[in-house]
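Enquirer: The following block contains the structure, expressed as structure tokens.
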Protein chains: 2
Amino acid sequence: MSDIAPSGTPGEVDRLVQWNEQGLVTAIAQDKATGDVLMVAWANREALAKTLATGKATYWSRSRKKLWTKGEESGYVQLVLEVRTDCDGDALLYLVDAPGPACHQLRRSCFSHRVDRDGSVHTDRPTIA
Amino acid sequence: MSDIAPSGTPGEVDRLVQWNEQGLVTAIAQDKATGDVLMVAWANREALAKTLATGKATYWSRSRKKLWTKGEESGYVQLVLEVRTDCDGDALLYLVDAPGPACHQLRRSCFSHRVDRDGSVHTDRPTIA
């Protein structure tokens with residue numbers, strides 16, 4: 001948990017990111033225009049490399065055990081405008097332009113459940129885009 | 001990785017959240033007013049319960065192996081305006097009012113490093129708040 005020290009050298013992200021024991025880090029997709037946090041998934045080296053090369057948000061699917069470019073099936077591609085990492089390099093933030101739903105429930109964001117103080121959970125009503 | 005099905009019952013968040021094998025989930029702090037993603041950490045049941053009870057963002061520190069209410073040392077408390085969870089319950093989103101820096105580097109957000117297409121990493125210049 002020490003701070004990363006970037007030098008601006010091509011390719012350095014690969015060693016600066018603190019991949020976990022499964023070779024993964026948390027990857028958050030955020031709508032760059034609205035600030036909405038859309039979803040949280042995982043990325044490995046290859047997913048990050050593909051995201052940077054193609055400009056399309058790519059993750060590692062732990063359930064399917066394969067690279068997953070968001071929208072390859074649904075059509076709801078996330079165009080990545082910027083990639084960021086945090087002070088200790090254990091998370092990635094994809095700032096995206098993604099007009100479609102990020103959630104497989106066809107909601108804008110996966111974070112559709114509000115947790116109240118009493119521990120009850122309330123789901124947003126569907127919205128018409 | 002199935003969708004959670006909230007019923008609005010007090011306390012249900014405890015079973016709806018998909019705590020991992022260490023009893024943790026990813027917890028993201030986002031500035032509710034500006035949309036800035038401030039930091040990513042971990043929460044366990046106790047951290048979430050304390051967050052809901054006190055309205056102060058509380059995490060589980062894996063390095064220190066203890067509950068960590070943000071700001072208890074730095075003074076930069078994050079007041080939690082809303083807690084959300086995602087479709088499959090494996091992440092929490094704390095929407096906070098936190099005028100101070102979230103990062104121990106005294107930056108507003110921990111995500112101070114931009115990753116360029118060539119894999120080089122560039123750190124934001126310090127800003128004067």
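Just remember, in the structure tokens the first chain shown is A, the second B, etc., residues are 1-based per chain, and ligands are 1-based in the order shown.
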Could you name the residues that touch stretch 20-23 of chain B at 12 Å or less, counting only C-alpha atoms, but leaving out those on the same chain fewer than 2 positions away, as a list in words?
Expert: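 Residues meeting the cut-off are Met1, Asp14, Arg15, Val17, Gln18, Val25, Thr26, Trp42, Ala43, Asn44, Arg45, Glu46, Ala47, Leu48, Trp60, Arg62, Lys65, Gly89, Asp90 and Ala91 of chain B.
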Enquirer: When the cut-off is 7 Å and we count only C-alpha atoms, which residues of chain A are near chain B, given as an mmCIF file with N, CA, C and O atoms, in the first residue's frame?
Expert:
```
data_model
loop_
_atom_site.group_PDB
_atom_site.id
_atom_site.type_symbol
_atom_site.label_atom_id
_atom_site.label_comp_id
_atom_site.auth_asym_id
_atom_site.auth_seq_id
_atom_site.Cartn_x
_atom_site.Cartn_y
_atom_site.Cartn_z
ATOM 1 N N PRO A 6 4.789 7.614 -10.737
ATOM 2 C CA PRO A 6 4.846 7.625 -12.203
ATOM 3 C C PRO A 6 6.001 8.487 -12.709
ATOM 4 O O PRO A 6 6.374 9.482 -12.086
ATOM 5 N N SER A 7 6.549 8.076 -13.859
ATOM 6 C CA SER A 7 7.619 8.868 -14.471
ATOM 7 C C SER A 7 7.251 9.339 -15.865
ATOM 8 O O SER A 7 8.058 9.982 -16.532
ATOM 9 N N GLY A 8 6.036 8.979 -16.329
ATOM 10 C CA GLY A 8 5.628 9.394 -17.669
ATOM 11 C C GLY A 8 6.223 8.537 -18.784
ATOM 12 O O GLY A 8 6.224 8.930 -19.947
ATOM 13 N N THR A 9 6.683 7.352 -18.430
ATOM 14 C CA THR A 9 7.329 6.460 -19.405
ATOM 15 C C THR A 9 6.303 5.517 -20.044
ATOM 16 O O THR A 9 5.515 4.887 -19.325
ATOM 17 N N PRO A 10 6.318 5.389 -21.377
ATOM 18 C CA PRO A 10 5.365 4.484 -22.025
ATOM 19 C C PRO A 10 5.392 3.086 -21.415
ATOM 20 O O PRO A 10 6.461 2.546 -21.118
ATOM 21 N N GLY A 11 4.221 2.536 -21.211
ATOM 22 C CA GLY A 11 4.107 1.172 -20.705
ATOM 23 C C GLY A 11 4.207 1.022 -19.205
ATOM 24 O O GLY A 11 3.946 -0.066 -18.676
ATOM 25 N N GLU A 12 4.544 2.071 -18.498
ATOM 26 C CA GLU A 12 4.793 1.928 -17.058
ATOM 27 C C GLU A 12 3.552 1.541 -16.252
ATOM 28 O O GLU A 12 3.673 1.005 -15.143
ATOM 29 N N VAL A 13 2.372 1.814 -16.818
ATOM 30 C CA VAL A 13 1.154 1.515 -16.053
ATOM 31 C C VAL A 13 1.107 0.048 -15.634
ATOM 32 O O VAL A 13 0.604 -0.292 -14.565
ATOM 33 N N GLY A 35 -21.012 12.433 -14.334
ATOM 34 C CA GLY A 35 -20.434 12.020 -13.058
ATOM 35 C C GLY A 35 -21.050 10.761 -12.487
ATOM 36 O O GLY A 35 -20.585 10.251 -11.467
ATOM 37 N N ASP A 36 -22.087 10.239 -13.116
ATOM 38 C CA ASP A 36 -22.711 9.016 -12.586
ATOM 39 C C ASP A 36 -21.709 7.863 -12.535
ATOM 40 O O ASP A 36 -21.023 7.586 -13.519
ATOM 41 N N LEU A 52 -6.992 0.672 -23.473
ATOM 42 C CA LEU A 52 -6.146 1.777 -23.940
ATOM 43 C C LEU A 52 -5.982 1.744 -25.466
ATOM 44 O O LEU A 52 -5.972 2.782 -26.124
ATOM 45 N N ALA A 53 -5.869 0.555 -26.024
ATOM 46 C CA ALA A 53 -5.627 0.430 -27.469
ATOM 47 C C ALA A 53 -6.867 0.739 -28.289
ATOM 48 O O ALA A 53 -6.782 1.338 -29.371
ATOM 49 N N VAL A 83 -8.540 7.314 -18.747
ATOM 50 C CA VAL A 83 -8.314 6.262 -17.747
ATOM 51 C C VAL A 83 -7.487 6.879 -16.636
ATOM 52 O O VAL A 83 -6.524 7.607 -16.887
ATOM 53 N N ARG A 84 -7.863 6.584 -15.403
ATOM 54 C CA ARG A 84 -7.115 7.089 -14.263
ATOM 55 C C ARG A 84 -6.826 5.948 -13.296
ATOM 56 O O ARG A 84 -7.511 4.931 -13.293
ATOM 57 N N THR A 85 -5.799 6.132 -12.474
ATOM 58 C CA THR A 85 -5.572 5.183 -11.390
ATOM 59 C C THR A 85 -5.345 5.971 -10.107
ATOM 60 O O THR A 85 -5.141 7.193 -10.143
ATOM 61 N N ASP A 86 -5.427 5.282 -8.988
ATOM 62 C CA ASP A 86 -5.394 6.017 -7.721
ATOM 63 C C ASP A 86 -4.007 6.005 -7.080
ATOM 64 O O ASP A 86 -3.045 5.487 -7.646
ATOM 65 N N CYS A 87 -3.906 6.627 -5.935
ATOM 66 C CA CYS A 87 -2.595 6.901 -5.327
ATOM 67 C C CYS A 87 -1.761 5.650 -5.107
ATOM 68 O O CYS A 87 -0.542 5.676 -5.266
ATOM 69 N N CYS A 110 -25.596 0.624 -12.515
ATOM 70 C CA CYS A 110 -25.850 -0.573 -11.713
ATOM 71 C C CYS A 110 -26.215 -0.215 -10.274
ATOM 72 O O CYS A 110 -26.780 -1.044 -9.564
ATOM 73 N N PHE A 111 -25.905 0.989 -9.855
ATOM 74 C CA PHE A 111 -26.134 1.369 -8.454
ATOM 75 C C PHE A 111 -27.561 1.848 -8.231
ATOM 76 O O PHE A 111 -27.801 2.974 -7.804
ATOM 77 N N SER A 112 -28.493 0.968 -8.524
ATOM 78 C CA SER A 112 -29.901 1.349 -8.500
ATOM 79 C C SER A 112 -30.578 1.090 -7.163
ATOM 80 O O SER A 112 -31.780 1.281 -7.041
ATOM 81 N N HIS A 113 -29.787 0.653 -6.173
ATOM 82 C CA HIS A 113 -30.379 0.310 -4.882
ATOM 83 C C HIS A 113 -29.889 1.248 -3.787
ATOM 84 O O HIS A 113 -28.694 1.320 -3.517
ATOM 85 N N ARG A 114 -30.829 1.910 -3.153
ATOM 86 C CA ARG A 114 -30.491 2.818 -2.047
ATOM 87 C C ARG A 114 -30.611 2.066 -0.722
ATOM 88 O O ARG A 114 -31.590 1.352 -0.500
ATOM 89 N N VAL A 115 -29.596 2.240 0.117
ATOM 90 C CA VAL A 115 -29.603 1.589 1.431
ATOM 91 C C VAL A 115 -29.956 2.633 2.478
ATOM 92 O O VAL A 115 -29.250 3.635 2.625
ATOM 93 N N ARG A 117 -30.930 4.031 6.441
ATOM 94 C CA ARG A 117 -30.252 3.944 7.731
ATOM 95 C C ARG A 117 -30.634 2.690 8.518
ATOM 96 O O ARG A 117 -29.832 2.159 9.279
ATOM 97 N N ASP A 118 -31.863 2.212 8.319
ATOM 98 C CA ASP A 118 -32.314 1.013 9.050
ATOM 99 C C ASP A 118 -31.885 -0.281 8.351
ATOM 100 O O ASP A 118 -32.319 -1.366 8.736
ATOM 101 N N GLY A 119 -31.068 -0.137 7.299
ATOM 102 C CA GLY A 119 -30.596 -1.330 6.602
ATOM 103 C C GLY A 119 -31.575 -1.880 5.583
ATOM 104 O O GLY A 119 -31.346 -2.949 5.012
ATOM 105 N N SER A 120 -32.668 -1.179 5.347
ATOM 106 C CA SER A 120 -33.582 -1.594 4.283
ATOM 107 C C SER A 120 -33.039 -1.084 2.948
ATOM 108 O O SER A 120 -32.312 -0.090 2.897
ATOM 109 N N VAL A 121 -33.384 -1.785 1.886
ATOM 110 C CA VAL A 121 -32.863 -1.462 0.564
ATOM 111 C C VAL A 121 -34.029 -1.172 -0.371
ATOM 112 O O VAL A 121 -35.049 -1.882 -0.350
ATOM 113 N N HIS A 122 -33.887 -0.118 -1.146
ATOM 114 C CA HIS A 122 -34.972 0.364 -1.998
ATOM 115 C C HIS A 122 -34.455 0.578 -3.406
ATOM 116 O O HIS A 122 -33.472 1.284 -3.612
#
```
Enquirer: Could you please determine the separation between atom CA of B:Lys56 and atom CA of A:Arg108 in Å, to one decimal place?
Expert: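 Value for the atom CA of B:Lys56-atom CA of A:Arg108 distance: 27.2 Å.
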Enquirer: Between B:Val80, B:Ala27, B:Arg125, B:Ala102, single out the one closest to B:Ala57, counting only C-alpha atoms.
Expert: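 The shortest atom-to-atom distance to B:Ala57 comes from B:Val80.
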Enquirer: Please, which residues of chain B, numbered as in this document, come out helix (DSSP H, G or I) from DSSP, as an MDAnalysis selection string?
Expert: chainID B and resid 13:16 45:54
Enquirer: Quick one: pull the distance between atom CA of B:Leu79 and atom CA of A:Ser2, Å, one decimal.
Expert: 26.2 Å
Enquirer: When you look at A:Gly71 with a cut-off of 10 Å (counting only C-alpha atoms), what residues show up, excluding the ones that are within fewer than 5 positions of it in the same chain? I need them as a PyMOL selection string.
Expert: chain A and resi 56-58+76-78+98+100-102
Enquirer: List every residue of stretch 5-119 of chain A that DSSP, applied to the backbone of this structure, assigns to strand (DSSP E), and report them as a count of residues only.
Expert: 39
